[in-house]
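Asks: Structure: input.txt, compact mmCIF, N, CA and C atoms.
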# COMPACT_ATOMS: atom_id res chain seq x y z
N MET A 8 -23.62 4.45 28.39
CA MET A 8 -23.35 4.49 26.98
C MET A 8 -24.46 3.74 26.27
N ASN A 9 -25.23 4.45 25.46
CA ASN A 9 -26.36 3.83 24.77
C ASN A 9 -26.00 3.34 23.38
N ARG A 10 -25.05 4.02 22.74
CA ARG A 10 -24.75 3.66 21.35
C ARG A 10 -23.30 4.01 21.04
N CYS A 11 -22.62 3.10 20.34
CA CYS A 11 -21.25 3.32 19.87
C CYS A 11 -21.17 2.87 18.43
N GLN A 12 -20.34 3.54 17.68
CA GLN A 12 -20.08 3.14 16.31
C GLN A 12 -18.60 3.34 16.04
N TYR A 13 -17.97 2.37 15.40
CA TYR A 13 -16.54 2.42 15.13
C TYR A 13 -16.28 2.17 13.65
N ILE A 14 -15.25 2.80 13.14
CA ILE A 14 -14.68 2.44 11.84
C ILE A 14 -13.34 1.81 12.19
N ALA A 15 -13.28 0.50 12.10
CA ALA A 15 -12.09 -0.22 12.55
C ALA A 15 -11.18 -0.54 11.38
N GLY A 16 -10.03 0.09 11.39
CA GLY A 16 -9.02 -0.21 10.38
C GLY A 16 -7.74 -0.70 11.02
N THR A 17 -7.73 -0.73 12.37
CA THR A 17 -6.53 -1.20 13.07
C THR A 17 -6.95 -2.07 14.25
N LYS A 18 -6.01 -2.85 14.73
CA LYS A 18 -6.25 -3.70 15.88
C LYS A 18 -6.54 -2.86 17.12
N ASP A 19 -5.88 -1.71 17.26
CA ASP A 19 -6.12 -0.84 18.41
C ASP A 19 -7.58 -0.40 18.49
N VAL A 20 -8.16 -0.05 17.35
CA VAL A 20 -9.56 0.36 17.34
C VAL A 20 -10.45 -0.82 17.70
N LEU A 21 -10.12 -2.01 17.18
CA LEU A 21 -10.89 -3.20 17.53
C LEU A 21 -10.80 -3.49 19.02
N ASP A 22 -9.60 -3.32 19.60
CA ASP A 22 -9.43 -3.54 21.03
C ASP A 22 -10.30 -2.58 21.84
N THR A 23 -10.32 -1.31 21.42
CA THR A 23 -11.15 -0.31 22.10
C THR A 23 -12.62 -0.68 21.99
N ALA A 24 -13.05 -1.08 20.80
CA ALA A 24 -14.45 -1.48 20.60
C ALA A 24 -14.78 -2.67 21.49
N TYR A 25 -13.89 -3.62 21.56
CA TYR A 25 -14.11 -4.80 22.40
C TYR A 25 -14.26 -4.41 23.87
N GLN A 26 -13.37 -3.55 24.35
CA GLN A 26 -13.43 -3.11 25.75
C GLN A 26 -14.75 -2.39 26.03
N ASP A 27 -15.20 -1.56 25.08
CA ASP A 27 -16.48 -0.86 25.24
C ASP A 27 -17.65 -1.84 25.25
N MET A 28 -17.57 -2.89 24.42
CA MET A 28 -18.64 -3.88 24.39
C MET A 28 -18.70 -4.65 25.70
N VAL A 29 -17.55 -5.02 26.25
CA VAL A 29 -17.52 -5.74 27.52
C VAL A 29 -18.09 -4.86 28.62
N ALA A 30 -17.71 -3.57 28.64
CA ALA A 30 -18.23 -2.65 29.66
C ALA A 30 -19.74 -2.50 29.54
N ALA A 31 -20.24 -2.39 28.30
CA ALA A 31 -21.69 -2.26 28.09
C ALA A 31 -22.41 -3.54 28.49
N LEU A 32 -21.81 -4.67 28.19
CA LEU A 32 -22.41 -5.96 28.57
C LEU A 32 -22.50 -6.07 30.09
N ASN A 33 -21.43 -5.69 30.77
CA ASN A 33 -21.44 -5.73 32.24
C ASN A 33 -22.47 -4.78 32.82
N GLU A 34 -22.64 -3.64 32.18
CA GLU A 34 -23.58 -2.63 32.69
C GLU A 34 -25.03 -2.97 32.40
N HIS A 35 -25.30 -3.51 31.20
CA HIS A 35 -26.68 -3.70 30.76
C HIS A 35 -27.13 -5.16 30.71
N GLY A 36 -26.21 -6.10 30.77
CA GLY A 36 -26.58 -7.51 30.72
C GLY A 36 -26.63 -8.08 29.33
N THR A 37 -27.12 -7.32 28.36
CA THR A 37 -27.13 -7.74 26.96
C THR A 37 -26.83 -6.51 26.11
N ILE A 38 -26.28 -6.77 24.95
CA ILE A 38 -26.04 -5.69 23.99
C ILE A 38 -26.35 -6.20 22.60
N SER A 39 -26.60 -5.30 21.69
CA SER A 39 -26.84 -5.63 20.30
C SER A 39 -25.63 -5.14 19.51
N ILE A 40 -25.07 -6.01 18.67
CA ILE A 40 -23.89 -5.66 17.89
C ILE A 40 -24.23 -5.81 16.41
N GLU A 41 -23.94 -4.77 15.64
CA GLU A 41 -24.10 -4.83 14.18
C GLU A 41 -22.72 -4.75 13.58
N TRP A 42 -22.43 -5.64 12.64
CA TRP A 42 -21.12 -5.69 12.03
C TRP A 42 -21.30 -5.66 10.53
N LYS A 43 -20.66 -4.74 9.87
CA LYS A 43 -20.73 -4.73 8.41
C LYS A 43 -19.42 -4.24 7.83
N ARG A 44 -19.13 -4.76 6.69
CA ARG A 44 -17.96 -4.33 5.96
C ARG A 44 -18.29 -2.99 5.33
N LYS A 45 -17.36 -2.08 5.44
CA LYS A 45 -17.55 -0.77 4.81
C LYS A 45 -17.44 -1.01 3.31
N GLY A 46 -18.57 -1.06 2.62
CA GLY A 46 -18.60 -1.50 1.24
C GLY A 46 -18.41 -0.44 0.19
N LYS A 47 -18.37 0.81 0.57
CA LYS A 47 -18.24 1.86 -0.42
C LYS A 47 -16.80 1.93 -0.93
N ASP A 48 -16.64 2.01 -2.24
CA ASP A 48 -15.31 2.09 -2.82
C ASP A 48 -14.58 3.32 -2.30
N ARG A 49 -13.24 3.21 -2.29
CA ARG A 49 -12.44 4.36 -1.88
C ARG A 49 -12.91 5.58 -2.65
N SER A 50 -12.80 6.73 -2.05
CA SER A 50 -13.32 7.94 -2.68
C SER A 50 -12.26 8.58 -3.57
N LEU A 51 -12.71 9.40 -4.48
CA LEU A 51 -11.78 10.16 -5.31
C LEU A 51 -10.95 11.10 -4.44
N ASN A 52 -11.56 11.61 -3.37
CA ASN A 52 -10.87 12.48 -2.43
C ASN A 52 -9.71 11.74 -1.77
N GLN A 53 -9.95 10.51 -1.32
CA GLN A 53 -8.89 9.71 -0.70
C GLN A 53 -7.78 9.44 -1.72
N ASN A 54 -8.16 9.05 -2.92
CA ASN A 54 -7.18 8.73 -3.94
C ASN A 54 -6.35 9.95 -4.31
N ALA A 55 -6.99 11.10 -4.42
CA ALA A 55 -6.28 12.33 -4.76
C ALA A 55 -5.26 12.68 -3.68
N LEU A 56 -5.65 12.53 -2.41
CA LEU A 56 -4.72 12.83 -1.32
C LEU A 56 -3.56 11.84 -1.32
N PHE A 57 -3.83 10.57 -1.60
CA PHE A 57 -2.76 9.58 -1.71
C PHE A 57 -1.74 10.01 -2.77
N HIS A 58 -2.21 10.48 -3.91
CA HIS A 58 -1.30 10.92 -4.98
C HIS A 58 -0.51 12.16 -4.55
N VAL A 59 -1.15 13.07 -3.84
CA VAL A 59 -0.44 14.25 -3.32
C VAL A 59 0.67 13.80 -2.38
N TRP A 60 0.34 12.87 -1.48
CA TRP A 60 1.34 12.38 -0.53
C TRP A 60 2.51 11.71 -1.24
N CYS A 61 2.23 10.95 -2.29
CA CYS A 61 3.32 10.31 -3.05
C CYS A 61 4.26 11.36 -3.62
N GLY A 62 3.69 12.42 -4.16
CA GLY A 62 4.51 13.51 -4.70
C GLY A 62 5.31 14.20 -3.61
N GLU A 63 4.72 14.42 -2.46
CA GLU A 63 5.42 15.07 -1.35
C GLU A 63 6.57 14.21 -0.83
N ILE A 64 6.32 12.91 -0.69
CA ILE A 64 7.37 12.00 -0.23
C ILE A 64 8.51 11.97 -1.24
N ALA A 65 8.17 11.86 -2.52
CA ALA A 65 9.19 11.82 -3.57
C ALA A 65 10.04 13.10 -3.55
N SER A 66 9.39 14.23 -3.43
CA SER A 66 10.10 15.51 -3.42
C SER A 66 11.05 15.61 -2.23
N GLN A 67 10.56 15.24 -1.06
CA GLN A 67 11.40 15.32 0.14
C GLN A 67 12.56 14.34 0.09
N MET A 68 12.33 13.14 -0.43
CA MET A 68 13.41 12.16 -0.55
C MET A 68 14.46 12.62 -1.57
N TYR A 69 14.01 13.21 -2.66
CA TYR A 69 14.94 13.75 -3.65
C TYR A 69 15.77 14.88 -3.04
N GLN A 70 15.12 15.76 -2.27
CA GLN A 70 15.86 16.86 -1.63
C GLN A 70 16.90 16.34 -0.66
N ARG A 71 16.61 15.26 0.02
CA ARG A 71 17.57 14.69 0.99
C ARG A 71 18.74 14.01 0.31
N THR A 72 18.44 13.31 -0.79
CA THR A 72 19.45 12.43 -1.37
C THR A 72 20.00 12.89 -2.71
N GLY A 73 19.23 13.70 -3.43
CA GLY A 73 19.62 14.08 -4.78
C GLY A 73 19.40 12.95 -5.78
N ASP A 74 18.81 11.85 -5.35
CA ASP A 74 18.58 10.68 -6.19
C ASP A 74 17.30 10.90 -7.01
N GLU A 75 17.46 10.97 -8.32
CA GLU A 75 16.32 11.24 -9.21
C GLU A 75 15.37 10.07 -9.36
N SER A 76 15.71 8.91 -8.80
CA SER A 76 14.80 7.77 -8.89
C SER A 76 13.60 7.94 -7.95
N TYR A 77 13.67 8.90 -7.02
CA TYR A 77 12.53 9.18 -6.16
C TYR A 77 11.54 10.04 -6.94
N THR A 78 10.59 9.34 -7.56
CA THR A 78 9.54 10.04 -8.31
C THR A 78 8.20 9.69 -7.68
N LYS A 79 7.20 10.46 -8.05
CA LYS A 79 5.86 10.19 -7.55
C LYS A 79 5.45 8.74 -7.89
N GLN A 80 5.76 8.31 -9.09
CA GLN A 80 5.37 6.96 -9.53
C GLN A 80 6.11 5.87 -8.76
N THR A 81 7.44 6.04 -8.55
CA THR A 81 8.17 5.00 -7.83
C THR A 81 7.76 4.94 -6.36
N ILE A 82 7.47 6.10 -5.76
CA ILE A 82 6.99 6.11 -4.37
C ILE A 82 5.62 5.44 -4.30
N LYS A 83 4.76 5.73 -5.25
CA LYS A 83 3.43 5.12 -5.29
C LYS A 83 3.54 3.59 -5.35
N LEU A 84 4.40 3.08 -6.21
CA LEU A 84 4.59 1.63 -6.32
C LEU A 84 5.20 1.05 -5.04
N TYR A 85 6.17 1.76 -4.48
CA TYR A 85 6.81 1.29 -3.25
C TYR A 85 5.79 1.17 -2.12
N LEU A 86 5.00 2.21 -1.92
CA LEU A 86 4.01 2.20 -0.83
C LEU A 86 2.96 1.11 -1.03
N LYS A 87 2.51 0.94 -2.25
CA LYS A 87 1.53 -0.11 -2.52
C LYS A 87 2.12 -1.49 -2.26
N LYS A 88 3.37 -1.71 -2.72
CA LYS A 88 4.00 -3.01 -2.50
C LYS A 88 4.21 -3.25 -1.02
N ARG A 89 4.68 -2.23 -0.31
CA ARG A 89 4.97 -2.39 1.12
C ARG A 89 3.71 -2.65 1.95
N PHE A 90 2.64 -1.92 1.68
CA PHE A 90 1.47 -2.00 2.54
C PHE A 90 0.30 -2.81 1.96
N LEU A 91 0.22 -2.95 0.64
CA LEU A 91 -0.86 -3.73 0.04
C LEU A 91 -0.36 -5.10 -0.43
N GLY A 92 0.91 -5.17 -0.79
CA GLY A 92 1.49 -6.44 -1.22
C GLY A 92 1.44 -6.65 -2.72
N VAL A 93 1.64 -7.89 -3.10
CA VAL A 93 1.66 -8.26 -4.52
C VAL A 93 0.68 -9.40 -4.75
N GLU A 94 0.37 -9.61 -6.02
CA GLU A 94 -0.53 -10.70 -6.41
C GLU A 94 -0.14 -11.21 -7.78
N ASP A 95 -0.54 -12.41 -8.08
CA ASP A 95 -0.34 -12.97 -9.41
C ASP A 95 -1.59 -12.69 -10.23
N ILE A 96 -1.38 -12.28 -11.46
CA ILE A 96 -2.49 -11.98 -12.35
C ILE A 96 -2.49 -13.04 -13.46
N ALA A 97 -3.63 -13.70 -13.60
CA ALA A 97 -3.74 -14.76 -14.60
C ALA A 97 -4.75 -14.38 -15.66
N PHE A 98 -4.39 -14.67 -16.90
CA PHE A 98 -5.33 -14.57 -18.00
C PHE A 98 -5.00 -15.68 -18.96
N GLY A 99 -6.02 -16.50 -19.22
CA GLY A 99 -5.79 -17.70 -20.02
C GLY A 99 -4.79 -18.59 -19.29
N LYS A 100 -3.77 -19.03 -20.01
CA LYS A 100 -2.74 -19.88 -19.42
C LYS A 100 -1.53 -19.08 -18.97
N THR A 101 -1.60 -17.78 -19.13
CA THR A 101 -0.49 -16.92 -18.76
C THR A 101 -0.68 -16.38 -17.35
N VAL A 102 0.39 -16.40 -16.56
CA VAL A 102 0.37 -15.85 -15.21
C VAL A 102 1.51 -14.85 -15.09
N ILE A 103 1.16 -13.65 -14.69
CA ILE A 103 2.18 -12.63 -14.43
C ILE A 103 2.33 -12.57 -12.91
N GLU A 104 3.47 -13.01 -12.42
CA GLU A 104 3.66 -13.15 -10.98
C GLU A 104 4.13 -11.85 -10.33
N GLY A 105 3.76 -11.70 -9.07
CA GLY A 105 4.30 -10.64 -8.22
C GLY A 105 3.97 -9.22 -8.63
N GLN A 106 2.76 -9.00 -9.13
CA GLN A 106 2.36 -7.65 -9.53
C GLN A 106 1.87 -6.87 -8.31
N VAL A 107 2.28 -5.60 -8.22
CA VAL A 107 1.88 -4.76 -7.10
C VAL A 107 0.36 -4.62 -7.12
N LYS A 108 -0.27 -4.84 -5.95
CA LYS A 108 -1.73 -4.73 -5.87
C LYS A 108 -2.16 -3.29 -6.10
N SER A 109 -3.31 -3.15 -6.69
CA SER A 109 -3.90 -1.84 -6.96
C SER A 109 -4.72 -1.40 -5.76
N SER A 110 -4.81 -0.10 -5.58
CA SER A 110 -5.66 0.43 -4.51
C SER A 110 -7.09 0.67 -5.01
N SER A 111 -7.33 0.47 -6.30
CA SER A 111 -8.64 0.78 -6.87
C SER A 111 -9.76 -0.10 -6.32
N GLY A 112 -9.44 -1.30 -5.83
CA GLY A 112 -10.45 -2.19 -5.29
C GLY A 112 -10.70 -2.01 -3.80
N LEU A 113 -9.98 -1.09 -3.17
CA LEU A 113 -10.16 -0.88 -1.74
C LEU A 113 -11.46 -0.12 -1.45
N ASP A 114 -12.09 -0.45 -0.34
CA ASP A 114 -13.23 0.36 0.08
C ASP A 114 -12.71 1.53 0.92
N THR A 115 -13.60 2.39 1.38
CA THR A 115 -13.15 3.59 2.09
C THR A 115 -12.41 3.24 3.38
N GLY A 116 -12.85 2.21 4.09
CA GLY A 116 -12.18 1.81 5.32
C GLY A 116 -10.80 1.24 5.06
N GLU A 117 -10.69 0.39 4.02
CA GLU A 117 -9.39 -0.18 3.67
C GLU A 117 -8.42 0.91 3.19
N MET A 118 -8.93 1.86 2.43
CA MET A 118 -8.09 2.97 1.96
C MET A 118 -7.66 3.83 3.14
N PHE A 119 -8.56 4.02 4.11
CA PHE A 119 -8.22 4.77 5.31
C PHE A 119 -7.06 4.08 6.04
N PHE A 120 -7.15 2.76 6.20
CA PHE A 120 -6.09 2.01 6.87
C PHE A 120 -4.77 2.11 6.09
N PHE A 121 -4.83 1.99 4.77
CA PHE A 121 -3.65 2.13 3.92
C PHE A 121 -3.01 3.51 4.12
N MET A 122 -3.84 4.53 4.17
CA MET A 122 -3.32 5.89 4.34
C MET A 122 -2.76 6.10 5.75
N GLN A 123 -3.33 5.42 6.75
CA GLN A 123 -2.76 5.48 8.10
C GLN A 123 -1.35 4.90 8.09
N GLN A 124 -1.17 3.80 7.38
CA GLN A 124 0.15 3.18 7.29
C GLN A 124 1.14 4.12 6.60
N ILE A 125 0.70 4.81 5.57
CA ILE A 125 1.56 5.76 4.88
C ILE A 125 1.93 6.91 5.81
N GLU A 126 0.95 7.39 6.55
CA GLU A 126 1.22 8.49 7.48
C GLU A 126 2.22 8.07 8.55
N GLU A 127 2.08 6.86 9.08
CA GLU A 127 3.04 6.35 10.07
C GLU A 127 4.43 6.19 9.45
N PHE A 128 4.50 5.70 8.22
CA PHE A 128 5.76 5.57 7.50
C PHE A 128 6.42 6.94 7.35
N ALA A 129 5.65 7.93 6.94
CA ALA A 129 6.19 9.27 6.75
C ALA A 129 6.70 9.84 8.07
N PHE A 130 5.92 9.68 9.13
CA PHE A 130 6.32 10.18 10.43
C PHE A 130 7.63 9.54 10.89
N SER A 131 7.73 8.23 10.73
CA SER A 131 8.94 7.52 11.19
C SER A 131 10.16 7.87 10.35
N ASN A 132 9.94 8.43 9.17
CA ASN A 132 11.05 8.84 8.30
C ASN A 132 11.22 10.36 8.24
N ASN A 133 10.60 11.05 9.19
CA ASN A 133 10.68 12.52 9.28
C ASN A 133 10.27 13.21 7.98
N LEU A 134 9.18 12.71 7.41
CA LEU A 134 8.62 13.31 6.20
C LEU A 134 7.34 14.03 6.58
N THR A 135 7.07 15.12 5.91
CA THR A 135 5.88 15.92 6.19
C THR A 135 4.83 15.69 5.11
N LEU A 136 3.62 15.41 5.53
CA LEU A 136 2.51 15.21 4.60
C LEU A 136 1.48 16.31 4.82
N SER A 137 0.93 16.83 3.74
CA SER A 137 -0.09 17.87 3.86
C SER A 137 -1.45 17.24 4.18
N HIS A 138 -2.29 18.05 4.77
CA HIS A 138 -3.66 17.65 5.10
C HIS A 138 -4.58 18.79 4.69
N PRO A 139 -4.96 18.83 3.41
CA PRO A 139 -5.82 19.92 2.93
C PRO A 139 -7.15 19.97 3.68
N ALA A 140 -7.71 21.14 3.73
CA ALA A 140 -9.02 21.30 4.38
C ALA A 140 -10.04 20.38 3.72
N ASP A 141 -10.93 19.85 4.52
CA ASP A 141 -12.03 19.01 4.06
C ASP A 141 -11.60 17.72 3.37
N ASN A 142 -10.43 17.16 3.71
CA ASN A 142 -10.09 15.88 3.09
C ASN A 142 -10.76 14.76 3.86
N GLU A 143 -11.15 13.73 3.14
CA GLU A 143 -11.92 12.63 3.72
C GLU A 143 -11.11 11.83 4.73
N TYR A 144 -9.81 11.71 4.52
CA TYR A 144 -8.97 10.96 5.45
C TYR A 144 -9.06 11.55 6.85
N ASP A 145 -8.88 12.86 6.97
CA ASP A 145 -8.94 13.50 8.29
C ASP A 145 -10.35 13.44 8.89
N LYS A 146 -11.36 13.53 8.04
CA LYS A 146 -12.74 13.43 8.53
C LYS A 146 -12.99 12.05 9.14
N LEU A 147 -12.52 10.99 8.46
CA LEU A 147 -12.70 9.63 8.99
C LEU A 147 -11.91 9.44 10.28
N ARG A 148 -10.70 9.99 10.34
CA ARG A 148 -9.88 9.87 11.54
C ARG A 148 -10.55 10.59 12.72
N GLU A 149 -11.06 11.79 12.48
CA GLU A 149 -11.75 12.53 13.55
C GLU A 149 -13.01 11.79 13.99
N TYR A 150 -13.74 11.24 13.04
CA TYR A 150 -14.96 10.48 13.36
C TYR A 150 -14.61 9.27 14.22
N GLN A 151 -13.55 8.57 13.85
CA GLN A 151 -13.16 7.37 14.58
C GLN A 151 -12.78 7.71 16.02
N HIS A 152 -12.12 8.83 16.23
CA HIS A 152 -11.71 9.19 17.58
C HIS A 152 -12.86 9.80 18.38
N ALA A 153 -13.91 10.23 17.72
CA ALA A 153 -15.04 10.86 18.40
C ALA A 153 -16.01 9.84 18.98
N VAL A 154 -16.08 8.65 18.36
CA VAL A 154 -17.05 7.65 18.84
C VAL A 154 -16.50 6.82 19.97
Give the structure from this file in structure tokens form.

Replies:
Amino acid sequence: MNRCQYIAGTKDVLDTAYQDMVAALNEHGTISIEWKRKGKDRSLNQNALFHVWCGEIASQMYQRTGDESYTKQTIKLYLKKRFLGVEDIAFGKTVIEGQVKSSSGLDTGEMFFFMQQIEEFAFSNNLTLSHPADNEYDKLREYQHAV
């Protein structure tokens, strides 16, 4: 193995990368490691798919329960709170506590990880999510499994 590249958004991927580095070190004696934060902001493609998924989850939950509180907006807030958390927002002497974190500051890798969590949530709740052709989420997932 001469070269490996990983997009690590989970501990499992980091574990795999670590195992590959140890194997390469044992084989070659020394290795060169480059580490960088994926600095590119989340893409419009990723954000658009996230919004589609929120609508799909809301629709399926409404069909199951008949509860009209399952809307695209409430699902979006729920998923962000569950997987991104909350933060306090301060301006001047005023602090607004416990505000749901925004996904707008995520980079592409962080957004990928967020979307993986949503996909796992949907799977565990027997919800179906669409995967349109040429979406960036699936491209990143395929790339990660290919390296």

Asks: Please extract the residues of region 9-139 of chain A with a backbone DSSP assignment of helix (DSSP H, G or I) and present them as a ChimeraX atom specification.

Replies: /A:18-35,51-72,79-90,115-131

Asks: Taking only region 36-122 of chain A into account, list the residues labelled strand (DSSP E or B) by DSSP (computed from the backbone), as a list in words.

Replies: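 Those residues are Asp48, Val93, Glu94, Asp95, Ile96, Ala97, Phe98, Thr101, Val102, Ile103, Glu104, Gly105, Gln106, Val107 and Asp114 of chain A.
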
Asks: So that I can see what lies close to Glu63 (chain A), please list as a ChimeraX atom specification the residues with an atom at most 8 Å from it, counting only N, CA and C atoms and leaving out residues fewer than 3 positions away in the same chain.

Replies: /A:57-60,66-69,78-79,134-137

Asks: May I have the centre and edge lengths, in Å to one decimal, of an axis-aligned box around the listed atoms of region 48-63 of chain A with 8 Å added to every side, as JSON?

Replies:
{"center_x": -5.0, "center_y": 8.5, "center_z": -2.9, "size_x": 39.2, "size_y": 29.1, "size_z": 20.8}

Asks: Could you work out how far atom N of Met118 (chain A) lies from atom C of Tyr13 (chain A), giving the answer in Å with one decimal?

Replies: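 Separation of atom C of Tyr13 (chain A) and atom N of Met118 (chain A): 13.4 Å.
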
Asks: Could you state the separation of atom C of Leu91 (chain A) and atom N of Lys108 (chain A) in Å, given to one decimal place?

Replies: 5.5 Å

Asks: What does the distance between CA of Gln151 (chain A) and atom C of Thr17 (chain A) come to in Å, to one decimal place?

Replies: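 Pair CA of Gln151 (chain A) / atom C of Thr17 (chain A) returns 11.3 Å.
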
Asks: Skip Gln80 (chain A) itself and residues of its chain fewer than 5 positions away, then list as a list in words all residues within 8 Å of it, counting all atoms listed in the file.

Replies: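 Selected residues are Cys61, Gly62, Ala65, Tyr85 and Leu86 of chain A.
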
Asks: Take the selection from the previous step and output its residues with N, CA and C atoms, as a PDB file, in the coordinates of the input.

Replies:
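Result file result_38.pdb:
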ATOM      1  N   CYS A  61       2.230  10.950  -2.290  1.00  0.00           N
ATOM      2  CA  CYS A  61       3.320  10.310  -3.050  1.00  0.00           C
ATOM      3  C   CYS A  61       4.260  11.360  -3.620  1.00  0.00           C
ATOM      4  N   GLY A  62       3.690  12.420  -4.160  1.00  0.00           N
ATOM      5  CA  GLY A  62       4.510  13.510  -4.700  1.00  0.00           C
ATOM      6  C   GLY A  62       5.310  14.200  -3.610  1.00  0.00           C
ATOM      7  N   ALA A  65       8.170  11.860  -2.520  1.00  0.00           N
ATOM      8  CA  ALA A  65       9.190  11.820  -3.570  1.00  0.00           C
ATOM      9  C   ALA A  65      10.040  13.100  -3.550  1.00  0.00           C
ATOM     10  N   TYR A  85       6.170   1.760  -4.480  1.00  0.00           N
ATOM     11  CA  TYR A  85       6.810   1.290  -3.250  1.00  0.00           C
ATOM     12  C   TYR A  85       5.790   1.170  -2.120  1.00  0.00           C
ATOM     13  N   LEU A  86       5.000   2.210  -1.920  1.00  0.00           N
ATOM     14  CA  LEU A  86       4.010   2.200  -0.830  1.00  0.00           C
ATOM     15  C   LEU A  86       2.960   1.110  -1.030  1.00  0.00           C
TER      16      LEU A  86
END

Asks: When you count only C-alpha atoms, which of these residues is closest to Ala15 (chain A): A:Tyr144, A:Phe128, A:Phe120, A:Phe98?

Replies: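 For Ala15 (chain A), the nearest of the given residues is A:Phe120.
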
Asks: Using only N, CA and C atoms, what table do you get, as JSON lines, when you list each residue of region 36-78 of chain A with an atom no more than 5 Å from region 110-116 of chain A, its nearest pair of atoms, and their distance in Å rounded to one decimal, rows by chain then rising number?

Replies:
{"residue": "A:Lys47", "atom": "C", "partner": "A:Thr115", "partner_atom": "N", "distance": 4.0}
{"residue": "A:Asp48", "atom": "C", "partner": "A:Thr115", "partner_atom": "N", "distance": 3.9}
{"residue": "A:Arg49", "atom": "N", "partner": "A:Asp114", "partner_atom": "C", "distance": 3.7}

Asks: Out of A:Val102, A:Asp22, A:Phe90, A:Gly36, which residue has the shortest atom-to-atom distance to Phe121 (chain A) when counting all atoms listed in the file?

Replies: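 Counting all atoms listed in the file, the residue closest to Phe121 (chain A) is A:Phe90.
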
Asks: Between A:Ile64, A:Glu149, A:Lys87, A:Met28, which has the minimum distance to Glu41 (chain A) (counting only C-alpha atoms)?

Replies: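 Residue with the minimum atom-to-atom distance to Glu41 (chain A): A:Met28.
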